[in-house]
$ cat coords-v6.pdb   # PDB, C-alpha atoms
ATOM      1  CA  MET A 182     -22.696  -5.514  14.528
ATOM      2  CA  ASN A 183     -20.500  -4.500  11.621
ATOM      3  CA  LYS A 184     -21.916  -6.169   8.531
ATOM      4  CA  GLU A 185     -19.063  -5.070   6.271
ATOM      5  CA  THR A 186     -16.336  -7.528   5.379
ATOM      6  CA  ASP A 187     -12.741  -7.128   4.262
ATOM      7  CA  ARG A 188     -12.461  -6.869   0.488
ATOM      8  CA  SER A 189     -11.057  -9.792  -1.513
ATOM      9  CA  PHE A 190     -10.039  -9.451  -5.166
ATOM     10  CA  ASP A 191     -10.983 -12.991  -6.138
ATOM     11  CA  GLY A 192     -12.815 -12.786  -9.463
ATOM     12  CA  ILE A 193     -11.160  -9.549 -10.605
ATOM     13  CA  ALA A 194      -7.463 -10.316 -10.061
ATOM     14  CA  ALA A 195      -6.681 -10.158 -13.794
ATOM     15  CA  LYS A 196      -8.478  -6.831 -14.120
ATOM     16  CA  PHE A 197      -6.546  -5.513 -11.136
ATOM     17  CA  GLN A 198      -3.291  -6.627 -12.726
ATOM     18  CA  ARG A 199      -4.098  -4.895 -16.020
ATOM     19  CA  ASN A 200      -5.578  -1.643 -14.704
ATOM     20  CA  ILE A 201      -3.397  -1.033 -11.657
ATOM     21  CA  TYR A 202      -0.140  -2.983 -11.617
ATOM     22  CA  GLN A 203       0.587  -2.648 -15.334
ATOM     23  CA  SER A 204      -0.284   1.062 -15.445
ATOM     24  CA  SER A 205       1.754   4.191 -14.772
ATOM     25  CA  LYS A 206       0.062   4.258 -11.346
ATOM     26  CA  GLY A 207       1.546   0.911 -10.428
ATOM     27  CA  ALA A 208       4.946   1.736 -11.883
ATOM     28  CA  ILE A 209       5.295   4.905  -9.820
ATOM     29  CA  ARG A 210       4.197   3.079  -6.680
ATOM     30  CA  GLN A 211       6.773   0.320  -7.237
ATOM     31  CA  HIS A 212       9.611   2.802  -7.817
ATOM     32  CA  VAL A 213       8.713   4.911  -4.780
ATOM     33  CA  LEU A 214       8.319   1.994  -2.386
ATOM     34  CA  LEU A 215      11.541   0.332  -3.499
ATOM     35  CA  ARG A 216      13.436   3.612  -3.151
ATOM     36  CA  ASP A 217      12.090   4.079   0.376
ATOM     37  CA  LEU A 218      12.607   0.482   1.494
ATOM     38  CA  THR A 219      16.119  -0.021   0.181
ATOM     39  CA  THR A 220      17.357   2.817   2.398
ATOM     40  CA  LEU A 221      16.399   0.863   5.533
ATOM     41  CA  PRO A 222      19.343  -0.507   7.563
ATOM     42  CA  VAL A 223      17.405  -3.747   8.128
ATOM     43  CA  LEU A 224      17.517  -4.520   4.390
ATOM     44  CA  GLN A 225      21.285  -4.047   4.083
ATOM     45  CA  SER A 226      21.682  -7.743   4.960
ATOM     46  CA  GLN A 227      19.470 -10.783   4.446
ATOM     47  CA  CYS A 228      16.117 -10.164   6.126
ATOM     48  CA  GLN A 229      12.898 -12.005   6.961
ATOM     49  CA  VAL A 230      10.009  -9.936   5.589
ATOM     50  CA  LEU A 231       6.251 -10.300   6.046
ATOM     51  CA  ASP A 232       4.027  -8.833   3.308
ATOM     52  CA  VAL A 233       0.452  -8.484   4.601
ATOM     53  CA  GLY A 234      -2.156  -8.087   1.868
ATOM     54  CA  ALA A 235       0.605  -8.851  -0.618
ATOM     55  CA  GLY A 236      -1.678  -9.066  -3.643
ATOM     56  CA  GLN A 237       0.255 -10.123  -6.746
ATOM     57  CA  GLY A 238       3.565  -9.696  -4.961
ATOM     58  CA  GLN A 239       5.526  -7.353  -7.232
ATOM     59  CA  LEU A 240       7.340  -5.728  -4.327
ATOM     60  CA  SER A 241       7.900  -9.036  -2.517
ATOM     61  CA  LEU A 242       9.424 -10.576  -5.632
ATOM     62  CA  ALA A 243      11.748  -7.594  -6.023
ATOM     63  CA  LEU A 244      12.917  -8.015  -2.412
ATOM     64  CA  ALA A 245      13.370 -11.765  -2.888
ATOM     65  CA  LYS A 246      15.595 -11.071  -5.902
ATOM     66  CA  MET A 247      17.779  -8.993  -3.565
ATOM     67  CA  GLY A 248      18.245 -12.064  -1.349
ATOM     68  CA  HIS A 249      15.552 -11.521   1.280
ATOM     69  CA  HIS A 250      13.033 -14.150   2.399
ATOM     70  CA  VAL A 251       9.433 -13.004   2.135
ATOM     71  CA  HIS A 252       6.206 -14.437   3.513
ATOM     72  CA  LEU A 253       3.255 -13.259   1.389
ATOM     73  CA  THR A 254      -0.245 -13.303   2.898
ATOM     74  CA  ASP A 255      -3.562 -12.287   1.363
ATOM     75  CA  ILE A 256      -7.232 -13.233   1.580
ATOM     76  CA  SER A 257      -7.400 -13.653  -2.216
ATOM     77  CA  ALA A 258      -6.279 -17.056  -3.479
ATOM     78  CA  GLU A 259      -6.266 -15.695  -7.044
ATOM     79  CA  MET A 260      -3.892 -12.865  -6.190
ATOM     80  CA  LEU A 261      -1.487 -15.229  -4.417
ATOM     81  CA  ALA A 262      -1.632 -17.682  -7.343
ATOM     82  CA  ILE A 263      -0.575 -14.913  -9.737
ATOM     83  CA  ALA A 264       2.269 -13.985  -7.364
ATOM     84  CA  ALA A 265       3.442 -17.607  -7.161
ATOM     85  CA  GLU A 266       3.298 -17.982 -10.941
ATOM     86  CA  ALA A 267       5.337 -14.805 -11.421
ATOM     87  CA  ALA A 268       7.894 -15.991  -8.844
ATOM     88  CA  ALA A 269       8.339 -19.308 -10.643
ATOM     89  CA  ALA A 270       8.702 -17.523 -13.992
ATOM     90  CA  GLN A 271      11.470 -15.373 -12.497
ATOM     91  CA  GLY A 272      13.316 -18.400 -11.141
ATOM     92  CA  LEU A 273      12.664 -17.644  -7.475
ATOM     93  CA  ALA A 274      12.506 -20.622  -5.109
ATOM     94  CA  VAL A 275       8.992 -21.131  -3.737
ATOM     95  CA  SER A 276       9.387 -24.561  -2.126
ATOM     96  CA  GLY A 277      11.968 -26.643  -0.327
ATOM     97  CA  PRO A 278      14.607 -25.619   2.224
ATOM     98  CA  ALA A 279      15.972 -22.868  -0.045
ATOM     99  CA  ALA A 280      12.570 -21.230  -0.586
ATOM    100  CA  GLN A 281      12.786 -17.451  -0.827
ATOM    101  CA  LEU A 282       9.026 -16.992  -0.815
ATOM    102  CA  ARG A 283       6.114 -18.625   0.923
ATOM    103  CA  PHE A 284       2.406 -17.953   0.536
ATOM    104  CA  SER A 285      -0.477 -18.092   3.018
ATOM    105  CA  LYS A 286      -4.152 -17.367   2.401
ATOM    106  CA  LEU A 287      -4.821 -15.515   5.647
ATOM    107  CA  SER A 288      -6.431 -12.285   6.725
ATOM    108  CA  LEU A 289      -4.523  -9.892   8.954
ATOM    109  CA  ALA A 290      -6.807 -10.782  11.870
ATOM    110  CA  GLU A 291      -6.143 -14.513  11.361
ATOM    111  CA  LEU A 292      -2.418 -13.930  11.003
ATOM    112  CA  SER A 293      -2.180 -11.930  14.228
ATOM    113  CA  ARG A 294      -4.067 -14.674  16.106
ATOM    114  CA  GLN A 295      -2.319 -17.702  14.631
ATOM    115  CA  THR A 296       1.355 -16.793  14.320
ATOM    116  CA  GLN A 297       3.871 -16.279  17.088
ATOM    117  CA  GLN A 298       6.593 -15.144  14.681
ATOM    118  CA  GLN A 299       7.635 -11.509  14.605
ATOM    119  CA  TYR A 300       9.481  -9.927  11.695
ATOM    120  CA  PRO A 301      12.104  -7.174  11.518
ATOM    121  CA  LEU A 302      10.202  -5.766   8.526
ATOM    122  CA  VAL A 303       6.461  -5.935   7.856
ATOM    123  CA  LEU A 304       4.868  -4.516   4.711
ATOM    124  CA  CYS A 305       1.230  -3.435   4.559
ATOM    125  CA  HIS A 306       0.554  -1.521   1.372
ATOM    126  CA  ALA A 307      -2.801  -0.340  -0.007
ATOM    127  CA  MET A 308      -4.749  -2.628   2.322
ATOM    128  CA  LEU A 309      -6.140  -0.534   5.190
ATOM    129  CA  GLU A 310      -8.666   1.184   2.910
ATOM    130  CA  TRP A 311     -10.199  -2.190   1.989
ATOM    131  CA  LEU A 312     -10.718  -3.359   5.585
ATOM    132  CA  ALA A 313     -14.016  -3.281   7.436
ATOM    133  CA  GLN A 314     -12.221  -2.096  10.593
ATOM    134  CA  PRO A 315      -8.993  -0.351   9.570
ATOM    135  CA  ASP A 316      -8.545   1.123  13.050
ATOM    136  CA  ALA A 317      -7.997  -2.382  14.481
ATOM    137  CA  ALA A 318      -5.299  -3.196  11.922
ATOM    138  CA  LEU A 319      -2.508  -1.197  13.578
ATOM    139  CA  ASN A 320      -2.781  -3.178  16.804
ATOM    140  CA  GLN A 321      -2.754  -6.428  14.808
ATOM    141  CA  LEU A 322       0.262  -5.306  12.780
ATOM    142  CA  TYR A 323       2.063  -4.295  15.985
ATOM    143  CA  GLN A 324       1.953  -7.921  17.146
ATOM    144  CA  LEU A 325       3.753  -9.024  13.964
ATOM    145  CA  VAL A 326       6.627  -6.511  14.103
ATOM    146  CA  ALA A 327       9.660  -7.448  16.164
ATOM    147  CA  PRO A 328      10.695  -4.960  18.889
ATOM    148  CA  GLY A 329      12.662  -2.213  17.177
ATOM    149  CA  GLY A 330      11.443  -3.482  13.806
ATOM    150  CA  VAL A 331       9.839  -1.502  10.988
ATOM    151  CA  LEU A 332       6.326  -1.373   9.572
ATOM    152  CA  SER A 333       6.079  -0.061   6.023
ATOM    153  CA  LEU A 334       2.505   1.228   5.812
ATOM    154  CA  MET A 335       0.906   2.734   2.708
ATOM    155  CA  TYR A 336      -2.719   3.896   2.700
ATOM    156  CA  TYR A 337      -5.191   5.723   0.436
ATOM    157  CA  ASN A 338      -5.118   9.409   1.389
ATOM    158  CA  LYS A 339      -8.551  10.971   1.798
ATOM    159  CA  ASP A 340      -7.157  14.514   1.803
ATOM    160  CA  ALA A 341      -5.611  13.935  -1.636
ATOM    161  CA  LYS A 342      -8.806  12.375  -2.971
ATOM    162  CA  ARG A 343     -10.772  15.397  -1.769
ATOM    163  CA  LEU A 344      -8.336  17.818  -3.395
ATOM    164  CA  SER A 345      -8.284  16.048  -6.755
ATOM    165  CA  ASN A 346     -12.073  15.806  -6.948
ATOM    166  CA  ILE A 347     -12.490  19.491  -6.109
ATOM    167  CA  LEU A 348      -9.998  20.315  -8.873
ATOM    168  CA  TYR A 349     -11.999  18.132 -11.279
ATOM    169  CA  GLY A 350     -15.203  19.941 -10.293
ATOM    170  CA  ASN A 351     -16.835  16.909  -8.641
ATOM    171  CA  PHE A 352     -18.407  19.068  -5.954
ATOM    172  CA  ASP A 353     -21.471  16.885  -5.287
ATOM    173  CA  TYR A 354     -19.267  13.814  -4.881
ATOM    174  CA  VAL A 355     -17.116  15.649  -2.334
ATOM    175  CA  ALA A 356     -20.196  16.980  -0.513
ATOM    176  CA  ALA A 357     -21.499  13.404  -0.252
ATOM    177  CA  ASP A 358     -18.170  12.410   1.359
ATOM    178  CA  PHE A 359     -17.453  10.176  -1.667
ATOM    179  CA  LYS A 360     -20.491   7.984  -1.039
ATOM    180  CA  VAL A 361     -21.974   6.733  -4.317
ATOM    181  CA  LYS A 362     -24.629   4.159  -5.170
ATOM    182  CA  LYS A 363     -22.507   2.478  -7.837
ATOM    183  CA  LYS A 364     -19.050   1.657  -6.536
ATOM    184  CA  VAL A 365     -16.048   1.298  -8.850
ATOM    185  CA  SER A 366     -14.598  -2.165  -8.186
ATOM    186  CA  LEU A 367     -10.931  -1.111  -8.233
ATOM    187  CA  SER A 368     -11.342   2.229  -6.471
ATOM    188  CA  PRO A 369     -10.976   2.102  -2.670
ATOM    189  CA  GLN A 370     -14.270   3.107  -1.104
ATOM    190  CA  ASN A 371     -12.834   3.858   2.337
ATOM    191  CA  PRO A 372     -10.107   6.509   1.939
ATOM    192  CA  LEU A 373      -8.458   7.319   5.244
ATOM    193  CA  GLU A 374      -7.952  10.626   7.016
ATOM    194  CA  PRO A 375      -4.210  11.067   7.712
ATOM    195  CA  VAL A 376      -4.938  12.504  11.167
ATOM    196  CA  MET A 377      -6.830   9.311  12.080
ATOM    197  CA  VAL A 378      -4.070   7.012  10.798
ATOM    198  CA  GLU A 379      -1.556   9.001  12.858
ATOM    199  CA  GLN A 380      -3.731   8.536  15.927
ATOM    200  CA  TRP A 381      -4.068   4.789  15.294
ATOM    201  CA  TYR A 382      -0.373   4.081  14.855
ATOM    202  CA  GLN A 383       0.631   6.158  17.880
ATOM    203  CA  GLN A 384      -1.944   4.403  20.064
ATOM    204  CA  ALA A 385      -0.719   1.019  18.825
ATOM    205  CA  GLY A 386       2.855   1.799  19.883
ATOM    206  CA  PHE A 387       4.589   2.925  16.683
ATOM    207  CA  SER A 388       6.776   5.989  16.083
ATOM    208  CA  LEU A 389       7.226   7.714  12.734
ATOM    209  CA  LEU A 390      10.514   7.306  10.873
ATOM    210  CA  SER A 391       9.582   8.889   7.541
ATOM    211  CA  LYS A 392       6.672   9.981   5.345
ATOM    212  CA  THR A 393       6.473   9.896   1.547
ATOM    213  CA  GLY A 394       3.720  10.851  -0.862
ATOM    214  CA  VAL A 395       2.962   8.341  -3.622
ATOM    215  CA  ARG A 396       1.673   9.910  -6.849
ATOM    216  CA  CYS A 397       1.988  13.519  -5.695
ATOM    217  CA  PHE A 398       1.710  14.849  -9.264
ATOM    218  CA  HIS A 399       0.607  11.946 -11.482
ATOM    219  CA  ASP A 400      -3.091  12.106 -10.616
ATOM    220  CA  TYR A 401      -3.320  15.903 -10.932
ATOM    221  CA  LEU A 402      -2.102  16.178 -14.533
ATOM    222  CA  GLN A 403      -4.658  17.969 -16.708
ATOM    223  CA  ASN A 404      -3.469  16.044 -19.745
ATOM    224  CA  ARG A 405      -3.741  12.416 -18.629
ATOM    225  CA  SER A 406      -1.892  11.167 -21.711
ATOM    226  CA  MET A 407       1.285  12.684 -20.240
ATOM    227  CA  GLN A 408       1.177  10.035 -17.503
ATOM    228  CA  GLN A 409       2.518   7.694 -20.181
ATOM    229  CA  SER A 410       4.180   9.960 -22.740
ATOM    230  CA  HIS A 411       6.275  11.825 -20.145
ATOM    231  CA  PHE A 412       6.577   9.052 -17.585
ATOM    232  CA  ALA A 413      10.357   9.304 -17.074
ATOM    233  CA  GLN A 414      10.186  13.031 -16.328
ATOM    234  CA  LEU A 415       7.159  12.566 -14.096
ATOM    235  CA  LEU A 416       8.847   9.790 -12.111
ATOM    236  CA  GLU A 417      11.961  11.913 -11.636
ATOM    237  CA  LEU A 418       9.850  14.741 -10.207
ATOM    238  CA  GLU A 419       7.908  12.362  -7.952
ATOM    239  CA  LEU A 420      11.129  10.966  -6.493
ATOM    240  CA  GLN A 421      12.666  14.423  -6.122
ATOM    241  CA  TYR A 422       9.813  16.068  -4.211
ATOM    242  CA  ASN A 423       7.658  13.359  -2.630
ATOM    243  CA  ARG A 424       9.399  13.473   0.759
ATOM    244  CA  GLN A 425       9.051  17.261   0.995
ATOM    245  CA  GLU A 426       6.031  19.177   2.207
ATOM    246  CA  PRO A 427       3.552  20.181   0.954
ATOM    247  CA  TYR A 428       3.966  17.480  -1.715
ATOM    248  CA  ALA A 429       4.360  14.566   0.711
ATOM    249  CA  SER A 430       0.833  15.239   1.987
ATOM    250  CA  LEU A 431      -0.644  15.509  -1.523
ATOM    251  CA  GLY A 432       0.129  11.978  -2.707
ATOM    252  CA  ARG A 433      -2.876   9.840  -3.594
ATOM    253  CA  TYR A 434      -1.283   7.334  -1.243
ATOM    254  CA  THR A 435       0.813   8.051   1.826
ATOM    255  CA  HIS A 436       3.779   5.813   2.665
ATOM    256  CA  LEU A 437       4.818   5.779   6.308
ATOM    257  CA  MET A 438       7.850   4.065   7.792
ATOM    258  CA  LEU A 439       7.041   3.260  11.391
ATOM    259  CA  THR A 440       9.154   1.671  14.088
ATOM    260  CA  ARG A 441       7.826  -0.409  16.961
ATOM    261  CA  ARG A 442       8.664   1.251  20.244
TER
END
$ encode --input "coords-v6.pdb" --output "structure tokens"
Amino acid sequence: MNKETDRSFDGIAAKFQRNIYQSSKGAIRQHVLLRDLTTLPVLQSQCQVLDVGAGQGQLSLALAKMGHHVHLTDISAEMLAIAAEAAAAQGLAVSGPAAQLRFSKLSLAELSRQTQQQYPLVLCHAMLEWLAQPDAALNQLYQLVAPGGVLSLMYYNKDAKRLSNILYGNFDYVAADFKVKKKVSLSPQNPLEPVMVEQWYQQAGFSLLSKTGVRCFHDYLQNRSMQQSHFAQLLELELQYNRQEPYASLGRYTHLMLTRR
């Protein structure tokens, strides 16, 4: 019996907002994902979008501003409340017949069991690495994507974590396969092997459309202060090279565009 449970950010949502979303890490992620998504043909006209594990909804709100209708789901009520508050502050409709956004406190497993709706675009970003059974998630996501539709999947890349920790000299940590007694609350404790994720999505019935590295250079800077002081130059380089190998495989996160066969 698996005693682990999926991770909820209730209780630390404000800390997550401050340390991740409002940092250079979060800014690069937002720019990269929006660049990738806005090239999709499905988003060239009004689209129904499902955001699984939506968190505080920055990407969903950006898509809603473009005219799309987004359903945000998460297991954290606090994260969804922050997303709803931000939507209201930005003048986005969250209720009534003209609602651009709706919110549901549901896990992926619950969503795949309870809903019959399928979406032309499903987002699942930075969630797999927090799940007790990430291998089951691709089959559940497959049920939510309409035939011929797209899954935008971003996950925490174990290969990149290994590389960065070797470069930092954290040899014991790498030898222990990143297992530590004291876990950092905002650091994913279950980084995923790209070869395993590829196996999971192929078995589920997805085909690869594109691959992008997210934070291919940001996390490797020797002078961390340059993440802020030279952000514009860093972002330009990320966007220029993050779809090319070897850089695409070096991103701390990997963003895959998958289509349902």
$ resolve_selection --input "coords-v6.pdb" --expression "the PyMOL selection byres ((chain A and resi 416) around 12)" --output "VMD selection string"
chain A and resid 205 to 213 216 395 to 399 407 to 415 417 to 423
$ closest_residue --input "coords-v6.pdb" --among "A:Pro369, A:Pro375, A:Gly432, A:Gly330" --to "A:Ser388" --atoms "only C-alpha atoms"
A:Gly330
$ resolve_selection --input "coords-v6.pdb" --expression "the PyMOL selection byres ((chain A and resi 237) around 7)" --output "list in words"
Ala235, Gly236, Gly238, Gln239, Met260, Leu261, Ile263 and Ala264 of chain A
$ closest_atom_pairs --input "coords-v6.pdb" --of "stretch 216-319 of chain A" --to "stretch 336-353 of chain A" --cutoff "7 Å" --atoms "only C-alpha atoms" --output "Markdown table"
| residue | atom | partner | partner_atom | distance |
| --- | --- | --- | --- | --- |
| A:His306 | CA | A:Tyr336 | CA | 6.5 |
| A:Ala307 | CA | A:Tyr336 | CA | 5.0 |
| A:Met308 | CA | A:Tyr336 | CA | 6.8 |
| A:Leu309 | CA | A:Tyr336 | CA | 6.1 |
| A:Glu310 | CA | A:Tyr337 | CA | 6.2 |
$ residues_around --input "coords-v6.pdb" --residues "A:Val233" --least-positions-apart "5" --cutoff "6 Å" --atoms "all atoms listed in the file" --output "PyMOL selection string"
chain A and resi 254+304-305
